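Single-structure report; data block below.
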Amino acid sequence: MQMTDPLLVPTKLLNFDAAPLAHLIENRSWRGLSEYDQIGAAYDFVRNEIAFGYNRADDIPASEVLSDGYGQCNTKGTLLMALLRGVGIRCRLHGFKIHKGLQRGVVPELVYPLAPQEILHSWVEIEYQGAWINLEGFILDDAFLNVLQTSFSDTESLCGYGAGTDCLGAPPVAWNGEDTYIQKTGILQDFGVFDTPDAFYLSHEQSFGWLRGALYRHIIRHWMNARVRGFRSGCLKTDRRATHAHEEPANAA
């Protein structure tokens with residue numbers, strides 16, 4: 001009896017067998033590519049064709065992320081994992097918590113004090129050429145990242161606007177067969193690896209509380225997404241406190 005590989009199967013969240021994902025993989029002809037190019041095609045799609053933004057929750061299926069057309073670390077990671085498994089690439093999730101300072105500038109300052117101190121985070125690990133590779137650099141789309149690089153051109157260290165990096169001018173975000181990162185410097189707690197995001201979210205969830213959770217889903221995230229669109233188009237000024245976001249200045253407005 002042939003055993004099912006737990007790192008290749010679809011799940012409720014990794015629903016690559018759903019029609020929208022299956023059609024995407026088929027229409028892009030990804031299955032006919034080399035393994036390296038399969039990874040790169042799925043990775044580049046999630047990095048740049050799925051814009052940086054905030055969905056209603058972390059534990060939504062890949063098909064919903066694709067339908068939204070935007071996502072953040074956890075939701076874009078779910079979509080990437082689904083696409084990778086859909087073309088036969090073994091992958092798993094690595095869970096963390098990051099400092100809320102990574103959201104400074106995106107979260108409006110009026111509600112920033114309400115944000116949890118630690119935010120649930122994850123990246124994708126793939127098995128490639130006999131080794132496990134960490135993929136995190138897909139979170140920020142190039143258009144958004146380019147604005148950050150221009151706005152903070154006088155520093156290499158940034159903790160804010162969805163970035164946590166000490167090499168802002170040239171962060172390792174492109175797929176080249178090695179690890180990619182864009183939020184690594186904000187990590188506070190390591191939860192280890194999980195076969196699926198489904199398993200991760202059964203064990204860990206973002207703690208907002210009922211009221212803050214409702215405010216986030218129905219009001220705050222839409223405000224955040226509007227700010228992200230504004231930054232991407234160059235319409236909003238950046239907050240210089242993001243370069244020292246871990247310090248949490250007492251006089252922050």
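Ligands are numbered from 1 in the order shown, residues from 1 within each chain, and chains are lettered A, B, ... in the order they appear in the structure tokens.
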### Task
List every residue of stretch 79-159 of chain A that DSSP, applied to the backbone of this structure, places in strand (DSSP E or B), and write the result as a list of chain:residue names.
A:Cys91, A:Arg92, A:Leu93, A:His94, A:Gly95, A:Phe96, A:Lys97, A:Ile98, A:His99, A:Arg104, A:Val107, A:Glu118, A:Ile119, A:Leu120, A:His121, A:Ser122, A:Trp123, A:Val124, A:Glu125, A:Ile126, A:Glu127, A:Tyr128, A:Ala131, A:Trp132, A:Ile133, A:Asn134, A:Leu135, A:Leu158, A:Cys159
Using the selection just defined, write its residues with N, CA, C and O atoms as a short mmCIF file (atom, residue, chain, number, x, y, z; two decimals), in the first residue's frame.
data_model
loop_
_atom_site.label_atom_id
_atom_site.label_comp_id
_atom_site.auth_asym_id
_atom_site.auth_seq_id
_atom_site.Cartn_x
_atom_site.Cartn_y
_atom_site.Cartn_z
N CYS A 91 6.58 20.90 0.83
CA CYS A 91 6.74 22.13 1.61
C CYS A 91 6.04 22.00 2.95
O CYS A 91 5.16 21.16 3.15
N ARG A 92 6.46 22.86 3.88
CA ARG A 92 5.89 22.89 5.22
C ARG A 92 5.93 24.33 5.72
O ARG A 92 6.48 25.22 5.06
N LEU A 93 5.33 24.56 6.87
CA LEU A 93 5.25 25.91 7.45
C LEU A 93 6.15 26.00 8.68
O LEU A 93 6.23 25.05 9.46
N HIS A 94 6.78 27.14 8.86
CA HIS A 94 7.55 27.43 10.07
C HIS A 94 6.88 28.62 10.74
O HIS A 94 6.72 29.68 10.13
N GLY A 95 6.45 28.43 11.99
CA GLY A 95 5.69 29.45 12.69
C GLY A 95 6.51 30.25 13.68
O GLY A 95 7.44 29.74 14.30
N PHE A 96 6.14 31.52 13.84
CA PHE A 96 6.85 32.45 14.72
C PHE A 96 5.88 33.46 15.32
O PHE A 96 4.69 33.50 14.98
N LYS A 97 6.42 34.31 16.17
CA LYS A 97 5.80 35.59 16.50
C LYS A 97 6.82 36.68 16.20
O LYS A 97 8.02 36.48 16.41
N ILE A 98 6.33 37.81 15.72
CA ILE A 98 7.18 38.96 15.43
C ILE A 98 6.72 40.16 16.23
O ILE A 98 5.60 40.22 16.73
N HIS A 99 7.63 41.13 16.35
CA HIS A 99 7.34 42.37 17.08
C HIS A 99 6.33 43.20 16.31
O HIS A 99 6.39 43.29 15.08
N ARG A 104 4.28 49.12 12.17
CA ARG A 104 4.24 50.58 12.34
C ARG A 104 4.28 51.26 10.97
O ARG A 104 5.03 50.86 10.10
N VAL A 107 -0.22 50.25 10.23
CA VAL A 107 -1.29 50.44 11.21
C VAL A 107 -1.39 51.93 11.52
O VAL A 107 -0.39 52.55 11.90
N GLU A 118 2.93 41.16 20.17
CA GLU A 118 3.51 40.12 19.35
C GLU A 118 2.47 39.65 18.33
O GLU A 118 1.31 39.45 18.68
N ILE A 119 2.91 39.50 17.09
CA ILE A 119 2.01 39.18 15.99
C ILE A 119 2.39 37.83 15.38
O ILE A 119 3.57 37.55 15.16
N LEU A 120 1.39 37.01 15.12
CA LEU A 120 1.63 35.71 14.54
C LEU A 120 2.24 35.84 13.14
O LEU A 120 1.80 36.66 12.33
N HIS A 121 3.26 35.03 12.88
CA HIS A 121 4.02 35.12 11.64
C HIS A 121 4.40 33.72 11.18
O HIS A 121 4.48 32.79 11.99
N SER A 122 4.63 33.58 9.90
CA SER A 122 5.11 32.30 9.39
C SER A 122 5.86 32.51 8.08
O SER A 122 5.70 33.53 7.42
N TRP A 123 6.69 31.53 7.74
CA TRP A 123 7.25 31.47 6.40
C TRP A 123 7.16 30.05 5.89
O TRP A 123 6.78 29.13 6.62
N VAL A 124 7.47 29.87 4.63
CA VAL A 124 7.35 28.59 3.97
C VAL A 124 8.73 27.95 3.85
O VAL A 124 9.69 28.62 3.49
N GLU A 125 8.80 26.66 4.15
CA GLU A 125 10.03 25.91 3.92
C GLU A 125 9.78 24.90 2.80
O GLU A 125 8.77 24.19 2.82
N ILE A 126 10.68 24.85 1.83
CA ILE A 126 10.56 23.90 0.73
C ILE A 126 11.75 22.96 0.73
O ILE A 126 12.85 23.32 1.14
N GLU A 127 11.51 21.75 0.27
CA GLU A 127 12.61 20.81 0.10
C GLU A 127 13.12 20.94 -1.33
O GLU A 127 12.38 20.72 -2.29
N TYR A 128 14.38 21.33 -1.45
CA TYR A 128 14.97 21.54 -2.78
C TYR A 128 16.40 21.03 -2.79
O TYR A 128 17.21 21.44 -1.95
N ALA A 131 17.82 19.75 0.54
CA ALA A 131 17.93 20.67 1.69
C ALA A 131 16.63 21.43 1.87
O ALA A 131 15.83 21.55 0.93
N TRP A 132 16.43 21.96 3.08
CA TRP A 132 15.25 22.78 3.35
C TRP A 132 15.61 24.25 3.17
O TRP A 132 16.57 24.74 3.78
N ILE A 133 14.84 24.93 2.34
CA ILE A 133 15.06 26.34 2.02
C ILE A 133 13.94 27.16 2.64
O ILE A 133 12.76 26.81 2.53
N ASN A 134 14.30 28.28 3.28
CA ASN A 134 13.31 29.18 3.90
C ASN A 134 12.87 30.24 2.90
O ASN A 134 13.71 30.96 2.34
N LEU A 135 11.57 30.37 2.71
CA LEU A 135 11.02 31.39 1.81
C LEU A 135 10.13 32.34 2.61
O LEU A 135 9.07 31.95 3.10
N LEU A 158 15.34 48.66 8.66
CA LEU A 158 13.95 49.10 8.74
C LEU A 158 13.13 48.07 9.49
O LEU A 158 13.20 46.87 9.20
N CYS A 159 12.36 48.53 10.46
CA CYS A 159 11.40 47.69 11.16
C CYS A 159 10.08 48.43 11.14
O CYS A 159 9.78 49.24 12.02
#
### Task
Quick one: everything within 12 Å of A:Arg212, counting only C-alpha atoms, minus sequence neighbours fewer than 6 positions away in the same chain. Send it as an NGL selection string.
:A and (111-116 or 206 or 218-221)
Keeping N, CA, C and O atoms for every residue in the selection just given, could you write it to a file as a PDB file, in the first residue's frame?
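File produced: selection-v3.pdb:
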ATOM      1  N   VAL A 111      -4.659  53.821  16.162  1.00  0.00           N
ATOM      2  CA  VAL A 111      -5.012  52.520  16.724  1.00  0.00           C
ATOM      3  C   VAL A 111      -3.782  51.649  16.986  1.00  0.00           C
ATOM      4  O   VAL A 111      -3.915  50.522  17.470  1.00  0.00           O
ATOM      5  N   TYR A 112      -2.601  52.154  16.672  1.00  0.00           N
ATOM      6  CA  TYR A 112      -1.375  51.362  16.874  1.00  0.00           C
ATOM      7  C   TYR A 112      -1.231  50.865  18.320  1.00  0.00           C
ATOM      8  O   TYR A 112      -0.845  49.711  18.534  1.00  0.00           O
ATOM      9  N   PRO A 113      -1.542  51.661  19.341  1.00  0.00           N
ATOM     10  CA  PRO A 113      -1.419  51.154  20.719  1.00  0.00           C
ATOM     11  C   PRO A 113      -2.321  49.960  21.011  1.00  0.00           C
ATOM     12  O   PRO A 113      -2.057  49.207  21.959  1.00  0.00           O
ATOM     13  N   LEU A 114      -3.371  49.762  20.230  1.00  0.00           N
ATOM     14  CA  LEU A 114      -4.280  48.644  20.444  1.00  0.00           C
ATOM     15  C   LEU A 114      -3.756  47.338  19.879  1.00  0.00           C
ATOM     16  O   LEU A 114      -4.249  46.259  20.226  1.00  0.00           O
ATOM     17  N   ALA A 115      -2.760  47.408  19.001  1.00  0.00           N
ATOM     18  CA  ALA A 115      -2.224  46.203  18.365  1.00  0.00           C
ATOM     19  C   ALA A 115      -1.518  45.336  19.391  1.00  0.00           C
ATOM     20  O   ALA A 115      -0.843  45.837  20.297  1.00  0.00           O
ATOM     21  N   PRO A 116      -1.645  44.005  19.293  1.00  0.00           N
ATOM     22  CA  PRO A 116      -0.914  43.113  20.198  1.00  0.00           C
ATOM     23  C   PRO A 116       0.586  43.345  20.087  1.00  0.00           C
ATOM     24  O   PRO A 116       1.100  43.661  19.013  1.00  0.00           O
ATOM     25  N   GLN A 206      -3.863  34.433  16.494  1.00  0.00           N
ATOM     26  CA  GLN A 206      -3.616  35.807  16.902  1.00  0.00           C
ATOM     27  C   GLN A 206      -4.651  36.221  17.941  1.00  0.00           C
ATOM     28  O   GLN A 206      -5.846  36.123  17.692  1.00  0.00           O
ATOM     29  N   HIS A 218     -13.512  44.372  10.403  1.00  0.00           N
ATOM     30  CA  HIS A 218     -14.514  45.186   9.719  1.00  0.00           C
ATOM     31  C   HIS A 218     -14.086  46.620   9.438  1.00  0.00           C
ATOM     32  O   HIS A 218     -14.653  47.258   8.543  1.00  0.00           O
ATOM     33  N   ILE A 219     -13.087  47.131  10.171  1.00  0.00           N
ATOM     34  CA  ILE A 219     -12.702  48.541  10.001  1.00  0.00           C
ATOM     35  C   ILE A 219     -11.199  48.698   9.811  1.00  0.00           C
ATOM     36  O   ILE A 219     -10.746  49.225   8.791  1.00  0.00           O
ATOM     37  N   ILE A 220     -10.419  48.244  10.794  1.00  0.00           N
ATOM     38  CA  ILE A 220      -8.989  48.581  10.819  1.00  0.00           C
ATOM     39  C   ILE A 220      -8.238  48.017   9.625  1.00  0.00           C
ATOM     40  O   ILE A 220      -7.413  48.702   9.015  1.00  0.00           O
ATOM     41  N   ARG A 221      -8.494  46.777   9.240  1.00  0.00           N
ATOM     42  CA  ARG A 221      -7.732  46.195   8.129  1.00  0.00           C
ATOM     43  C   ARG A 221      -8.019  46.924   6.816  1.00  0.00           C
ATOM     44  O   ARG A 221      -7.138  47.050   5.969  1.00  0.00           O
TER      45      ARG A 221
END
### Query
Near A:Arg47, within 8 Å and counting only C-alpha atoms, which residues show up once chain neighbours fewer than 3 positions away are dropped, as a list in words?
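Result of the neighbour search: Tyr43, Asp44, Ile50, Ala51, Gly137, Phe138, Ile139, Leu140, Asp141 and Asp142 of chain A.
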Those same residues - N, CA and C atoms - I'd like them written as a compact mmCIF listing (two decimals), in the first residue's frame.
# COMPACT_ATOMS: atom_id res chain seq x y z
N TYR A 43 6.50 31.23 -6.67
CA TYR A 43 7.01 32.25 -5.74
C TYR A 43 6.80 33.66 -6.31
N ASP A 44 7.19 33.88 -7.57
CA ASP A 44 7.06 35.20 -8.17
C ASP A 44 5.60 35.60 -8.32
N ILE A 50 0.11 38.84 -6.25
CA ILE A 50 -0.73 38.95 -5.05
C ILE A 50 -0.13 40.08 -4.23
N ALA A 51 -0.78 41.22 -4.21
CA ALA A 51 -0.24 42.42 -3.57
C ALA A 51 -0.18 42.25 -2.05
N GLY A 137 10.58 36.02 1.59
CA GLY A 137 10.71 37.27 0.86
C GLY A 137 9.57 37.60 -0.08
N PHE A 138 8.54 36.74 -0.11
CA PHE A 138 7.40 36.95 -1.00
C PHE A 138 6.35 37.91 -0.43
N ILE A 139 6.53 38.37 0.79
CA ILE A 139 5.47 39.12 1.47
C ILE A 139 5.18 40.47 0.81
N LEU A 140 6.23 41.24 0.54
CA LEU A 140 6.05 42.58 -0.04
C LEU A 140 6.22 42.53 -1.55
N ASP A 141 5.25 43.04 -2.28
CA ASP A 141 5.37 43.12 -3.73
C ASP A 141 6.40 44.19 -4.09
N ASP A 142 6.99 44.07 -5.27
CA ASP A 142 8.07 44.96 -5.68
C ASP A 142 7.65 46.43 -5.66
What are the nearest atom pairs, with distances in Å to one decimal, for all residues of stretch 199-233 of chain A that come at most 12 Å from stretch 189-192 of chain A, using only C-alpha atoms, set out by chain and rising residue number as CSV?
residue,atom,partner,partner_atom,distance
A:Ala199,CA,A:Gly192,CA,11.8
A:Phe200,CA,A:Phe191,CA,8.9
A:Tyr201,CA,A:Phe191,CA,11.4
A:Ser203,CA,A:Phe191,CA,9.7
A:His204,CA,A:Phe191,CA,9.0
A:Glu205,CA,A:Phe191,CA,11.9
### Task
With a distance cut-off of 10 Å and only C-alpha atoms, select the neighbouring residues of A:Asn176, excluding the residue or stretch itself and same-chain residues fewer than 5 positions from it, and output the selection as a ChimeraX atom specification.
/A:36-37,39-40
